[in-house]
Every structure is written in C-alpha cells, then in structure tokens.
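The data block below is entry.txt; it holds compact mmCIF, C-alpha atoms and all ligand atoms.
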```txt
# COMPACT_ATOMS: atom_id res chain seq x y z
CA MET Q 1 0.00 0.00 0.00
CA GLY Q 2 1.30 3.36 -0.99
CA VAL Q 3 1.36 6.35 1.28
CA VAL Q 4 -0.44 9.51 0.25
CA THR Q 5 -0.01 13.00 1.62
CA LEU Q 6 -2.97 15.29 1.98
CA THR Q 7 -3.89 18.42 3.87
CA ILE Q 8 -6.70 18.45 6.40
CA ASP Q 9 -7.51 21.78 8.02
CA ASN Q 10 -4.10 23.17 7.02
CA LYS Q 11 -2.33 20.24 8.61
CA GLU Q 12 -0.23 17.88 6.54
CA VAL Q 13 -1.46 14.33 7.03
CA LYS Q 14 0.05 11.08 5.81
CA ALA Q 15 -2.41 8.29 5.12
CA GLU Q 16 -2.46 4.92 3.49
CA GLU Q 17 -3.97 4.54 0.08
CA GLY Q 18 -7.51 3.20 0.34
CA MET Q 19 -8.24 4.98 3.61
CA THR Q 20 -11.20 7.31 3.84
CA VAL Q 21 -10.85 10.99 4.66
CA LEU Q 22 -12.48 10.24 8.01
CA GLU Q 23 -9.90 7.59 8.89
CA ALA Q 24 -7.05 9.86 7.84
CA ALA Q 25 -8.44 12.69 9.95
CA GLN Q 26 -8.91 10.44 12.96
CA SER Q 27 -5.36 9.13 12.69
CA ALA Q 28 -4.14 12.74 12.79
CA GLY Q 29 -6.35 13.60 15.75
CA ILE Q 30 -8.69 15.79 13.74
CA TYR Q 31 -12.34 15.50 14.72
CA ILE Q 32 -15.12 15.08 12.17
CA PRO Q 33 -18.62 14.46 13.55
CA THR Q 34 -20.27 11.17 12.59
CA LEU Q 35 -23.54 9.44 13.42
CA CYS Q 36 -23.98 6.44 11.13
CA HIS Q 37 -20.31 5.49 10.96
CA HIS Q 38 -19.01 2.48 12.88
CA GLU Q 39 -15.55 1.07 12.36
CA LYS Q 40 -16.74 -2.52 12.39
CA LEU Q 41 -19.42 -1.90 9.77
CA GLU Q 42 -19.54 -1.27 6.05
CA THR Q 43 -19.76 2.37 4.97
CA TYR Q 44 -23.40 3.44 4.77
CA THR Q 45 -23.51 7.26 4.34
CA ALA Q 46 -26.98 7.75 5.74
CA CYS Q 47 -26.61 10.68 8.11
CA ARG Q 48 -24.45 13.04 5.97
CA ILE Q 49 -23.24 14.80 9.12
CA CYS Q 50 -19.58 14.03 8.28
CA MET Q 51 -19.81 16.23 5.17
CA VAL Q 52 -16.52 17.97 4.33
CA GLU Q 53 -15.13 20.13 1.53
CA VAL Q 54 -12.64 18.28 -0.62
CA GLU Q 55 -10.38 20.05 -3.09
CA SER Q 56 -8.55 17.88 -5.57
CA ARG Q 57 -7.26 18.61 -9.04
CA GLY Q 58 -8.52 22.16 -8.76
CA ARG Q 59 -12.11 21.31 -8.02
CA VAL Q 60 -13.91 21.76 -4.73
CA ARG Q 61 -16.56 19.22 -3.87
CA LEU Q 62 -18.71 18.38 -0.89
CA ASP Q 63 -18.68 14.76 0.13
CA THR Q 64 -19.10 12.49 3.12
CA ALA Q 65 -15.76 11.99 4.85
CA CYS Q 66 -16.67 8.46 5.93
CA SER Q 67 -16.81 7.31 2.31
CA HIS Q 68 -14.45 9.62 0.40
CA PRO Q 69 -11.10 7.96 -0.35
CA VAL Q 70 -7.90 9.89 0.28
CA ALA Q 71 -5.67 10.94 -2.62
CA ASN Q 72 -2.35 12.69 -2.99
CA ASP Q 73 -2.39 16.50 -2.68
CA MET Q 74 -6.02 16.53 -1.63
CA VAL Q 75 -7.02 19.53 0.49
CA VAL Q 76 -9.79 18.89 2.99
CA LYS Q 77 -11.70 21.40 5.08
CA THR Q 78 -13.72 19.94 7.94
CA ARG Q 79 -15.34 23.25 8.85
CA SER Q 80 -16.49 26.12 6.68
CA GLU Q 81 -19.49 28.37 6.53
CA LYS Q 82 -21.09 26.08 3.98
CA ILE Q 83 -20.42 22.89 5.96
CA ASN Q 84 -21.68 24.47 9.16
CA LYS Q 85 -24.91 25.40 7.43
CA ILE Q 86 -25.39 21.90 6.01
CA ARG Q 87 -24.76 20.28 9.38
CA LYS Q 88 -27.11 22.74 11.06
CA THR Q 89 -29.97 21.87 8.69
CA LEU Q 90 -29.29 18.13 8.93
CA LEU Q 91 -29.42 18.36 12.70
CA GLU Q 92 -32.64 20.34 12.62
CA LEU Q 93 -34.24 17.68 10.42
CA MET Q 94 -33.04 14.85 12.64
CA LEU Q 95 -34.13 16.66 15.79
CA ALA Q 96 -37.67 16.83 14.42
CA HIS Q 97 -37.63 13.05 14.71
CA ALA Q 98 -35.59 12.58 17.85
CA PRO Q 99 -35.83 15.81 19.89
CA ASP Q 100 -34.51 14.22 23.07
CA SER Q 101 -31.40 12.59 21.70
CA ALA Q 102 -28.44 13.70 23.82
CA ILE Q 103 -25.88 13.40 21.05
CA LEU Q 104 -28.03 15.38 18.60
CA GLN Q 105 -28.59 18.09 21.18
CA GLU Q 106 -24.91 18.32 21.85
CA MET Q 107 -24.19 18.72 18.14
CA ALA Q 108 -27.06 21.18 17.81
CA GLU Q 109 -25.38 23.43 20.31
CA GLU Q 110 -22.15 23.33 18.37
CA TYR Q 111 -23.84 24.26 15.07
CA GLY Q 112 -26.56 26.53 16.42
CA ALA Q 113 -29.31 24.22 15.24
CA ASP Q 114 -32.81 25.09 16.38
CA LYS Q 115 -34.66 21.96 17.38
CA GLY Q 116 -37.98 23.63 16.89
CA ARG Q 117 -37.36 24.67 13.29
CA PHE Q 118 -39.25 21.78 11.71
CA GLU Q 119 -42.53 20.43 12.90
CA LYS Q 120 -42.05 17.52 15.28
CA GLU Q 121 -42.59 14.07 13.91
CA SER Q 122 -41.29 12.09 16.78
CA SER Q 123 -40.53 8.73 15.27
CA PHE Q 124 -37.39 8.77 17.42
CA CYS Q 125 -35.41 6.92 14.77
CA ILE Q 126 -33.03 8.77 12.43
CA HIS Q 127 -32.51 5.75 10.16
CA CYS Q 128 -28.78 5.49 10.74
CA ALA Q 129 -29.24 1.71 10.50
CA LEU Q 130 -26.49 1.08 13.06
CA CYS Q 131 -28.70 -1.43 14.85
CA VAL Q 132 -29.79 -3.15 11.64
CA ARG Q 133 -26.29 -3.33 10.20
CA TYR Q 134 -24.63 -4.39 13.45
CA CYS Q 135 -27.08 -7.26 13.85
CA ALA Q 136 -26.54 -8.35 10.25
CA GLU Q 137 -22.83 -7.74 9.79
CA VAL Q 138 -21.28 -8.39 13.19
CA LYS Q 139 -23.74 -10.70 14.93
CA LYS Q 140 -25.01 -12.24 11.67
CA LYS Q 141 -28.45 -12.71 13.22
CA ASN Q 142 -30.64 -10.33 11.22
CA ALA Q 143 -33.06 -10.03 14.11
CA ILE Q 144 -33.90 -6.46 13.20
CA GLY Q 145 -34.61 -4.71 9.93
CA PHE Q 146 -36.42 -1.79 8.38
CA VAL Q 147 -40.01 -2.02 7.22
CA ASN Q 148 -42.13 0.31 5.08
CA SER Q 149 -40.76 3.18 3.04
CA GLY Q 150 -40.52 6.95 2.96
CA THR Q 151 -41.86 8.76 5.99
CA LYS Q 152 -43.25 5.49 7.35
CA ARG Q 153 -39.94 3.69 7.43
CA GLU Q 154 -39.18 2.21 10.82
CA ILE Q 155 -37.22 -0.52 12.52
CA SER Q 156 -38.85 -3.82 13.29
CA PHE Q 157 -37.70 -6.91 15.13
CA VAL Q 158 -38.32 -10.29 13.52
CA PRO Q 159 -40.24 -12.06 16.28
CA GLU Q 160 -38.97 -15.60 15.69
CA ILE Q 161 -35.35 -14.54 15.75
CA ALA Q 162 -35.63 -11.81 18.37
CA SER Q 163 -37.24 -14.11 20.91
CA GLN Q 164 -34.28 -16.49 20.57
CA GLU Q 165 -31.39 -14.06 20.32
CA CYS Q 166 -32.06 -10.55 21.57
CA TRP Q 167 -32.51 -11.00 25.30
CA LYS Q 168 -28.98 -12.32 25.69
CA CYS Q 169 -27.34 -9.86 23.28
CA LYS Q 170 -28.74 -6.31 23.23
CA GLU Q 171 -25.42 -5.11 21.87
CA CYS Q 172 -27.20 -2.78 19.47
CA PHE Q 173 -28.78 -0.75 22.29
CA PRO Q 174 -25.78 1.47 23.11
CA LEU Q 175 -25.16 2.10 19.39
CA CYS Q 176 -28.42 3.97 18.88
CA PRO Q 177 -28.01 7.77 18.76
CA THR Q 178 -31.61 8.14 19.95
CA GLU Q 179 -33.83 6.19 22.30
CA ALA Q 180 -35.72 4.59 19.44
CA LEU Q 181 -34.10 1.21 19.55
CA GLN Q 182 -34.73 0.42 23.16
CA ALA Q 183 -38.26 1.74 22.91
CA ALA Q 184 -38.97 -0.49 19.92
CA TYR Q 185 -37.57 -3.46 21.75
CA VAL Q 186 -39.71 -2.85 24.78
CA LEU Q 187 -42.71 -2.16 22.60
CA ALA Q 188 -42.12 -5.37 20.71
CA GLY Q 189 -43.77 -6.73 23.73
CA ALA Q 190 -42.06 -8.92 26.28
CA LEU Q 191 -40.73 -10.96 23.38
CA THR Q 192 -44.03 -12.64 22.78
CA PHE Q 193 -44.75 -10.69 19.63
CA PRO Q 194 -48.32 -11.84 19.15
CA VAL Q 195 -48.93 -9.87 15.97
CA ALA Q 196 -46.89 -9.21 12.88
CA PRO Q 197 -44.64 -6.28 13.75
CA PHE Q 198 -45.11 -4.49 10.47
CA GLU Q 199 -48.13 -2.55 9.48
CA LEU Q 200 -50.72 -4.68 7.75
CA ARG Q 201 -52.03 -2.96 4.69
CA MET D 1 -55.01 -21.64 2.25
CA ASP D 2 -53.31 -23.89 -0.22
CA ASP D 3 -49.68 -22.90 -0.31
CA SER D 4 -48.31 -25.74 -2.40
CA LYS D 5 -47.66 -23.28 -5.22
CA ILE D 6 -45.24 -21.21 -3.19
CA ASP D 7 -42.45 -23.75 -3.57
CA LEU D 8 -43.17 -24.17 -7.27
CA ILE D 9 -42.86 -20.43 -7.79
CA ILE D 10 -39.62 -20.30 -5.83
CA ASP D 11 -38.19 -23.23 -7.81
CA LYS D 12 -39.20 -21.60 -11.07
CA HIS D 13 -36.76 -18.83 -10.19
CA HIS D 14 -34.13 -21.40 -9.14
CA ALA D 15 -34.36 -20.18 -5.54
CA GLU D 16 -31.91 -17.45 -6.40
CA GLU D 17 -31.34 -14.62 -4.00
CA SER D 18 -31.35 -12.09 -6.83
CA ALA D 19 -34.86 -13.19 -7.82
CA LEU D 20 -36.36 -12.05 -4.52
CA ILE D 21 -38.61 -9.36 -5.98
CA LYS D 22 -39.75 -11.55 -8.88
CA VAL D 23 -40.59 -14.41 -6.53
CA LEU D 24 -42.60 -12.08 -4.29
CA LEU D 25 -44.43 -10.62 -7.30
CA ASP D 26 -45.36 -14.08 -8.58
CA ILE D 27 -46.62 -15.19 -5.18
CA GLN D 28 -48.61 -11.99 -4.91
CA ASP D 29 -50.13 -12.63 -8.36
CA GLU D 30 -51.05 -16.18 -7.42
CA TYR D 31 -52.55 -15.52 -3.99
CA GLY D 32 -53.39 -11.83 -4.09
CA TRP D 33 -51.20 -11.14 -1.06
CA LEU D 34 -48.06 -12.20 0.77
CA SER D 35 -48.84 -14.21 3.87
CA PRO D 36 -46.41 -14.38 6.81
CA LYS D 37 -45.96 -18.05 5.92
CA ALA D 38 -45.04 -17.19 2.33
CA LEU D 39 -42.47 -14.63 3.50
CA LYS D 40 -40.90 -17.19 5.78
CA ARG D 41 -40.74 -19.84 3.08
CA VAL D 42 -39.13 -17.38 0.66
CA SER D 43 -36.57 -16.44 3.29
CA GLU D 44 -35.66 -20.08 3.94
CA LYS D 45 -35.44 -21.21 0.35
CA LEU D 46 -33.67 -18.15 -1.04
CA GLU D 47 -31.45 -17.97 2.03
CA VAL D 48 -32.26 -14.30 2.46
CA PRO D 49 -32.74 -13.15 6.08
CA LEU D 50 -36.41 -12.71 6.95
CA ALA D 51 -35.65 -9.14 8.01
CA ARG D 52 -34.65 -8.39 4.44
CA VAL D 53 -37.63 -10.15 2.92
CA GLN D 54 -39.88 -8.07 5.17
CA GLN D 55 -37.99 -4.92 4.26
CA THR D 56 -38.54 -5.59 0.55
CA ALA D 57 -42.14 -6.72 0.94
CA THR D 58 -43.10 -3.61 2.90
CA PHE D 59 -41.07 -1.19 0.77
CA TYR D 60 -43.01 -1.56 -2.49
CA LYS D 61 -46.64 -0.53 -2.73
CA ALA D 62 -47.19 -3.35 -5.25
CA PHE D 63 -47.09 -5.88 -2.43
CA SER D 64 -49.93 -6.47 -0.06
CA LEU D 65 -49.31 -8.02 3.35
CA ALA D 66 -52.98 -8.41 4.08
CA PRO D 67 -55.34 -10.60 2.11
CA LYS D 68 -57.18 -8.77 -0.61
CA GLY D 69 -60.95 -8.98 -0.65
CA ARG D 70 -62.94 -10.91 -3.24
CA HIS D 71 -63.87 -7.60 -4.83
CA THR D 72 -61.80 -4.47 -5.21
CA ILE D 73 -63.48 -1.08 -5.16
CA HIS D 74 -61.63 1.83 -6.68
CA VAL D 75 -63.02 5.26 -5.96
CA CYS D 76 -61.49 7.91 -8.15
CA ASN D 77 -60.33 11.05 -6.41
CA GLY D 78 -58.46 12.57 -9.32
CA THR D 79 -58.88 16.25 -10.10
CA SER D 80 -62.09 16.00 -12.14
CA CYS D 81 -63.84 13.54 -9.88
CA HIS D 82 -62.63 15.43 -6.84
CA LEU D 83 -64.20 18.65 -8.10
CA ARG D 84 -67.45 16.83 -8.69
CA GLY D 85 -67.62 15.60 -5.13
CA ALA D 86 -65.64 12.35 -5.15
CA GLN D 87 -64.63 12.84 -1.54
CA ARG D 88 -68.26 12.60 -0.44
CA VAL D 89 -68.67 9.44 -2.51
CA LEU D 90 -65.56 8.00 -0.91
CA ASP D 91 -66.82 8.94 2.56
CA LYS D 92 -70.08 7.16 1.82
CA VAL D 93 -68.35 4.03 0.49
CA GLN D 94 -66.18 3.98 3.60
CA GLU D 95 -69.27 4.19 5.73
CA LEU D 96 -71.01 1.42 3.76
CA THR D 97 -68.07 -0.98 3.82
CA GLY D 98 -66.65 0.01 7.16
CA ILE D 99 -63.12 0.21 5.77
CA LYS D 100 -60.70 2.94 4.75
CA PRO D 101 -58.67 3.09 1.50
CA GLY D 102 -55.99 0.40 1.54
CA GLU D 103 -58.00 -1.84 3.84
CA THR D 104 -59.93 -5.07 3.46
CA ASP D 105 -62.97 -5.92 5.55
CA PRO D 106 -62.82 -8.88 7.96
CA ASP D 107 -65.10 -11.01 5.74
CA LEU D 108 -62.68 -10.46 2.84
CA LYS D 109 -65.57 -9.20 0.74
CA PHE D 110 -64.26 -5.80 -0.28
CA ARG D 111 -60.97 -4.10 -0.55
CA LEU D 112 -61.13 -0.33 -0.96
CA GLU D 113 -58.64 1.83 -2.83
CA ALA D 114 -58.72 5.54 -3.54
CA VAL D 115 -57.07 6.19 -6.91
CA ASN D 116 -56.04 9.28 -8.76
CA CYS D 117 -57.59 8.83 -12.20
CA LEU D 118 -59.41 6.01 -13.92
CA GLY D 119 -59.41 7.76 -17.29
CA GLN D 120 -63.19 8.24 -17.15
CA CYS D 121 -63.25 11.92 -16.23
CA ALA D 122 -66.39 12.67 -18.28
CA LEU D 123 -68.32 10.22 -16.12
CA GLY D 124 -67.06 11.60 -12.82
CA PRO D 125 -67.31 10.99 -9.99
CA VAL D 126 -66.38 7.43 -10.86
CA MET D 127 -66.40 4.27 -8.83
CA GLU D 128 -65.09 0.99 -10.21
CA VAL D 129 -65.72 -2.48 -8.82
CA ASP D 130 -63.66 -5.37 -10.20
CA GLY D 131 -63.02 -3.36 -13.35
CA LYS D 132 -66.67 -2.39 -13.94
CA ILE D 133 -67.23 1.36 -14.09
CA TYR D 134 -70.05 3.09 -12.25
CA GLY D 135 -70.23 6.69 -13.39
CA LYS D 136 -71.94 9.88 -12.20
CA MET D 137 -71.81 8.66 -8.63
CA SER D 138 -73.23 10.43 -5.66
CA PRO D 139 -73.28 9.45 -2.01
CA LYS D 140 -76.89 8.38 -2.50
CA LYS D 141 -76.24 6.25 -5.58
CA ALA D 142 -73.15 4.47 -4.23
CA ALA D 143 -75.03 1.90 -2.16
CA GLU D 144 -76.94 0.31 -5.03
CA PRO D 145 -74.07 -1.21 -7.08
CA LEU D 146 -72.32 -2.55 -3.99
CA LYS D 147 -75.35 -4.71 -3.16
CA LYS D 148 -74.65 -6.82 -6.23
CA TYR D 149 -71.43 -8.26 -4.87
CA GLU D 150 -71.19 -11.27 -2.66
S1 LIG H 1 -33.28 2.67 16.02
FE1 LIG H 1 -31.49 3.91 16.55
S2 LIG H 1 -29.72 2.71 15.84
FE2 LIG H 1 -31.52 1.86 14.82
S3 LIG H 1 -31.66 2.97 12.85
FE3 LIG H 1 -32.95 4.10 14.31
S4 LIG H 1 -31.62 5.68 15.15
FE4 LIG H 1 -30.27 4.17 14.18
S1 LIG H 2 -20.95 9.33 9.27
FE1 LIG H 2 -20.62 9.73 7.18
S2 LIG H 2 -22.64 9.80 6.39
FE2 LIG H 2 -22.99 9.26 8.48
```
The structure in this file should be written as structure tokens.
Amino acid sequence: MGVVTLTIDNKEVKAEEGMTVLEAAQSAGIYIPTLCHHEKLETYTACRICMVEVESRGRVRLDTACSHPVANDMVVKTRSEKINKIRKTLLELMLAHAPDSAILQEMAEEYGADKGRFEKESSFCIHCALCVRYCAEVKKKNAIGFVNSGTKREISFVPEIASQECWKCKECFPLCPTEALQAAYVLAGALTFPVAPFELR
Amino acid sequence: MDDSKIDLIIDKHHAEESALIKVLLDIQDEYGWLSPKALKRVSEKLEVPLARVQQTATFYKAFSLAPKGRHTIHVCNGTSCHLRGAQRVLDKVQELTGIKPGETDPDLKFRLEAVNCLGQCALGPVMEVDGKIYGKMSPKKAAEPLKKYE
C-alpha cells in the first residue's frame, strides 16, 4: 500500500492509500462528527453529518468523509461556513424526529441548530441503521430490519429470531443515537410478539 | 389456504437470492397477497434473512401483506372527480363498507382503494368495482351497485 499525503484543516497528514478521509483525519487527531459510521461496519452514508469540503485537481466538492477515499495532494476542510450550514440543517431535520437525543442536542449546540425549526414528527429513529447493520454484519443474526418506506420507514424486530437471540445480546442498544431502539424493543412486547410487527395494509 | 404453489414459484426462479422481488411478485399474483408463511418460506429457500424479505415486501406498494378482498373497489379522487364531489362518494363508500382506503374488511368481501384517475373523467365521480365502471356517482347512488357483490 502506498502512502499519500494530503492536507486536512491546514495540517499535513500522511495516510495509506484506500483509507477514507475520516480515517485519515482520525489518525491525525482531527475530529469530524459522525452518526452512522461504525468502524466494524460497512460504509453506509446515511446521516451526511460528516460532510466535508474536498479540493482535488482544482475542483472543490462536498462529500461524506466516511466514504471519500484519500488521494495525494487533496485539500480537505472539515469546517467552513457552507459545511456548518449543512450540518445545522441536517441536525434540525433529525431533531424533528428525535428531539430528546443527547448526542443530537450536543451537536445542535455546536452548530446553532434550532430543534424547533421543523414540525415535530417524533418517530425517534433517524434511520442510521447502526442497529440493523450491526445485527446483520457483526452478529449475523438479522433479528432487526427496516419495514415500510418513505416517511413510514421504521425498525422492526423479527419475532422468531428476536425471541431467541435478543434478550442475551442487546449489543445494538448502546449504538443507537436516539432512544428509538430500546423503545422499539420494549414495545415489541415482552418478546411474545403476538402480531406481525409491520403494518398490515 | 393452499400454499403448495409457493415452492413451485420459488423453484421456477431457481431459488436465487437475486430473484427475490420476482418471486414475491409471482406469489402476490397467485394468492393476491403475501402471507407471513409465504415470506418465511421465501426467506428459507432463497437464504435471504427474513428481516430483508420483510424490508422488501413492505417497501413496495405493489405488495400487499394483508389478504385482498374478493372484490376491489376503486373510488377515483383525481382532479375531475374530486371537483365533482368524489370525496363525499368515498366517505359514503367507507361508511357502507366500514373500511378505509388500503384496507380489506374482515369477511374479505371488499378491498377499498382511492385512486387518482381512472381515465373516465367525463363520467365523474367514478367508482369501479372489479373493473366495472359506475359513473356519475353520488353518495346516494353508491349503495346500489355494492349490493350486487357477494
Ligand atoms: S433505532 Fe437507533 S440505531 Fe436503529 S436505525 Fe434508528 S436511530 Fe439508528
Ligand atoms: S458518518 Fe458519514 S454519512 Fe454518516
């Protein structure tokens, strides 16, 4: 693997080819906020909060740091007026769903996001899919998945699997940036799951 | 319910993971809906986690996870019909059948759908039952045609 040299926030950073901008930044002690990223999981780019400005070959682009590969002579900015504005709006949208999330509130303070900007639609889940992906990729159990689409999309436990596996695992709980996961688990009803957990249409 | 055909459909697509959507569509065509049993069978034979089968089955509007009724009522609420009072017709049909759009009654007699144009604007407001058009509907007139269906 070759070594590439790039600049992140005016600091020269050496990284290995194939690394993402996020990994390079982390190795140099530069902080980029993330929500859906998890080092044990495949890149997913759902939350967009890690958005950075990337300048390479004379062009400036916005992209998600958790997926953008490093390249020689690349110049990355992790904060700018534009990025701040994007992160602020993203947070305001997510806060409409999960107004009580501690991590979102903390970020909101940093970016001056107003949690009342968009009408509340407390579904509590921000669709980061950390729980779904962790269960599938790390635990290989697939006890939890998404159901429905668009504004009705939500997580759902598969009763047959959940009743066997979840009570002794629960490793996805601390991953959730909101309280949605635990709530859904509790709601799923003492693991008896008498009815189909997805909406019957 | 006779679900012997589920396996045949799955085998027709060589139980391939990539055929998931096609398999679900064929089962839906055969039975009119996707039963929990069918989803489970598909998951086992295609070796796709049930969570993913559910995700796919609930994502597309083309799939129904509840049995469809013997008769399907479409009430048009497209622009023309809407202006001519389709909403009141729909309200009445809901009252008569006891179900909302997208639902099926417990006896599996009717399934109700509100649609956005049946291409019969001149006859609006239009109601359609199993493909038969009933034009110039009004809340009063809606009851009569529905009596014909068993
Ligand atoms: S329940 Fe939590 S962890 Fe799972 S997708 Fe929603 S926000 Fe992410
Ligand atoms: S952390 Fe990069 S998109 Fe979520």
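Residues from chain D found within 9 Å of chain Q are D:Pro36, D:Pro49, D:Leu50, D:Ala51, D:Arg52, D:Gln54, D:Gln55, D:Thr56, D:Ala57, D:Thr58, D:Phe59, D:Tyr60, D:Ser64, D:Leu65, D:Ala66, D:Pro67, D:Gly102, D:Glu103, D:Thr104, counting only C-alpha atoms.
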Problem - Shell of 9 Å around Asp3 in chain D, only C-alpha atoms, local chain residues under 5 positions omitted, as a list in words - result: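 So, after excluding close chain neighbours, the residues are Tyr31, Lys37 and Ala38 of chain D.
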Problem - Contacts with ligand LIG 1 (chain H) at most 10 Å, all atoms listed in the file counted, listed as a PyMOL selection string - result: chain Q and resi 35-36+46-47+94+97-98+101+123-134+144-146+153-156+172-185
Handout entry: Contacts with ligand LIG 2 (chain H) at most 12 Å, only C-alpha atoms and all ligand atoms counted, listed as JSON, numbers by chain
Key = {"Q": [20, 21, 22, 23, 31, 32, 33, 34, 35, 36, 37, 38, 39, 41, 42, 43, 44, 45, 46, 47, 48, 49, 50, 51, 52, 62, 63, 64, 65, 66, 67, 68, 87, 90, 91, 126, 127, 128, 129, 130, 177]}
Practice task
Between D:Leu34, D:Ile9, D:Leu108, D:Leu118, single out the one closest to Lys22 in chain D, counting all atoms listed in the file.
Solution key: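 When distances to Lys22 in chain D are compared using all atoms listed in the file, the smallest one comes from D:Ile9.
Put simply, CA of Asp107 in chain D is 15.0 Å away from CA of Lys147 in chain D.
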How big is the axis-aligned box around all listed atoms of range 93-99 of chain Q once 3 Å goes on each side, and where's its centre, in Å to one decimal, as JSON?
```
{"center_x": -35.4, "center_y": 15.1, "center_z": 15.2, "size_x": 10.6, "size_y": 11.1, "size_z": 15.5}
```
Problem - Residues near range 46-48 of chain D, cut-off 10 Å, all atoms listed in the file, skip fewer than 5 positions along chain, as a list in words - result: Asn142 of chain Q; Ile10, Asp11, His13, His14, Ala15, Glu16, Glu17, Ser18, Ala19, Leu20, Val23, Lys40, Arg41 and Val53 of chain D
Problem - Atom-to-atom span, CA of Ser138 in chain D and CA of Gly85 in chain D, Å - result: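 We find that CA of Ser138 in chain D and CA of Gly85 in chain D lie 7.6 Å from each other.
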Handout entry: Neighbour list for Arg57 in chain Q as a ChimeraX atom specification, cut-off 12 Å, only C-alpha atoms, skip fewer than 4 positions in-chain
Key = /Q:61,71-75
Prev. selection, C-alpha atoms, output as a PDB file, in the coordinates of the input:
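Dumped everything to part_2.pdb:
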```pdb
ATOM      1  CA  ARG Q  61     -16.560  19.220  -3.870  1.00  0.00           C
ATOM      2  CA  ALA Q  71      -5.670  10.940  -2.620  1.00  0.00           C
ATOM      3  CA  ASN Q  72      -2.350  12.690  -2.990  1.00  0.00           C
ATOM      4  CA  ASP Q  73      -2.390  16.500  -2.680  1.00  0.00           C
ATOM      5  CA  MET Q  74      -6.020  16.530  -1.630  1.00  0.00           C
ATOM      6  CA  VAL Q  75      -7.020  19.530   0.490  1.00  0.00           C
TER       7      VAL Q  75
END
```
Problem - Counting all atoms listed in the file, the option among Q:Met19, Q:Ile103, Q:Val54, Q:Ala96 closest to Ile83 in chain Q - result: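 Checking each of Q:Met19, Q:Ile103, Q:Val54, Q:Ala96 against Ile83 in chain Q, counting all atoms listed in the file, the winner is Q:Val54.
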Problem - Coordinates-based distance that separates CA of Ala114 in chain D from CA of Ser80 in chain D (Å, one decimal) - result: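 Pair CA of Ser80 in chain D / CA of Ala114 in chain D returns 14.0 Å.
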Completion exercise
Across Q:Asp9, Q:Glu121, Q:Glu110, Q:Glu137, the smallest distance to Glu55 in chain Q, with all atoms listed in the file counted, is shown by Q:Asp9
Starting from the incomplete input, reconstruct N, CA and C atoms of range 56-77 of chain D and report them as a short mmCIF file (atom, residue, chain, number, x, y, z; two decimals), keeping the file's coordinate frame.
```
data_model
loop_
_atom_site.label_atom_id
_atom_site.label_comp_id
_atom_site.auth_asym_id
_atom_site.auth_seq_id
_atom_site.Cartn_x
_atom_site.Cartn_y
_atom_site.Cartn_z
N THR D 56 -38.17 -5.70 1.97
CA THR D 56 -38.54 -5.59 0.55
C THR D 56 -40.05 -5.63 0.38
N ALA D 57 -40.70 -6.55 1.10
CA ALA D 57 -42.14 -6.72 0.94
C ALA D 57 -42.92 -5.50 1.41
N THR D 58 -42.38 -4.78 2.39
CA THR D 58 -43.10 -3.61 2.90
C THR D 58 -42.69 -2.34 2.17
N PHE D 59 -41.58 -2.40 1.43
CA PHE D 59 -41.07 -1.19 0.77
C PHE D 59 -41.93 -0.83 -0.45
N TYR D 60 -42.28 -1.83 -1.24
CA TYR D 60 -43.01 -1.56 -2.49
C TYR D 60 -44.52 -1.62 -2.31
N LYS D 61 -45.17 -0.59 -2.83
CA LYS D 61 -46.64 -0.53 -2.73
C LYS D 61 -47.31 -1.67 -3.49
N ALA D 62 -46.60 -2.28 -4.44
CA ALA D 62 -47.19 -3.35 -5.25
C ALA D 62 -47.50 -4.58 -4.41
N PHE D 63 -46.85 -4.70 -3.26
CA PHE D 63 -47.09 -5.88 -2.43
C PHE D 63 -48.14 -5.59 -1.37
N SER D 64 -48.94 -6.61 -1.11
CA SER D 64 -49.93 -6.47 -0.06
C SER D 64 -49.65 -7.53 0.99
N LEU D 65 -49.60 -7.08 2.26
CA LEU D 65 -49.31 -8.02 3.35
C LEU D 65 -50.59 -8.43 4.07
N ALA D 66 -51.70 -7.98 3.53
CA ALA D 66 -52.98 -8.41 4.08
C ALA D 66 -53.76 -9.01 2.92
N PRO D 67 -54.59 -10.00 3.20
CA PRO D 67 -55.34 -10.60 2.11
C PRO D 67 -56.21 -9.58 1.41
N LYS D 68 -56.30 -9.68 0.11
CA LYS D 68 -57.18 -8.77 -0.61
C LYS D 68 -58.58 -9.35 -0.57
N GLY D 69 -59.58 -8.50 -0.67
CA GLY D 69 -60.95 -8.98 -0.65
C GLY D 69 -61.31 -9.65 -1.96
N ARG D 70 -62.49 -10.26 -2.00
CA ARG D 70 -62.94 -10.91 -3.24
C ARG D 70 -63.20 -9.86 -4.31
N HIS D 71 -63.59 -8.67 -3.88
CA HIS D 71 -63.87 -7.60 -4.83
C HIS D 71 -63.06 -6.36 -4.46
N THR D 72 -62.56 -5.69 -5.47
CA THR D 72 -61.80 -4.47 -5.21
C THR D 72 -62.58 -3.25 -5.70
N ILE D 73 -62.79 -2.33 -4.80
CA ILE D 73 -63.48 -1.08 -5.16
C ILE D 73 -62.44 0.00 -5.34
N HIS D 74 -62.48 0.66 -6.49
CA HIS D 74 -61.63 1.83 -6.68
C HIS D 74 -62.54 3.06 -6.71
N VAL D 75 -62.29 4.00 -5.86
CA VAL D 75 -63.02 5.26 -5.96
C VAL D 75 -62.03 6.29 -6.46
N CYS D 76 -62.40 6.95 -7.57
CA CYS D 76 -61.49 7.91 -8.15
C CYS D 76 -61.55 9.22 -7.38
N ASN D 77 -60.37 9.74 -7.06
CA ASN D 77 -60.33 11.05 -6.41
C ASN D 77 -59.35 11.94 -7.16
#
```
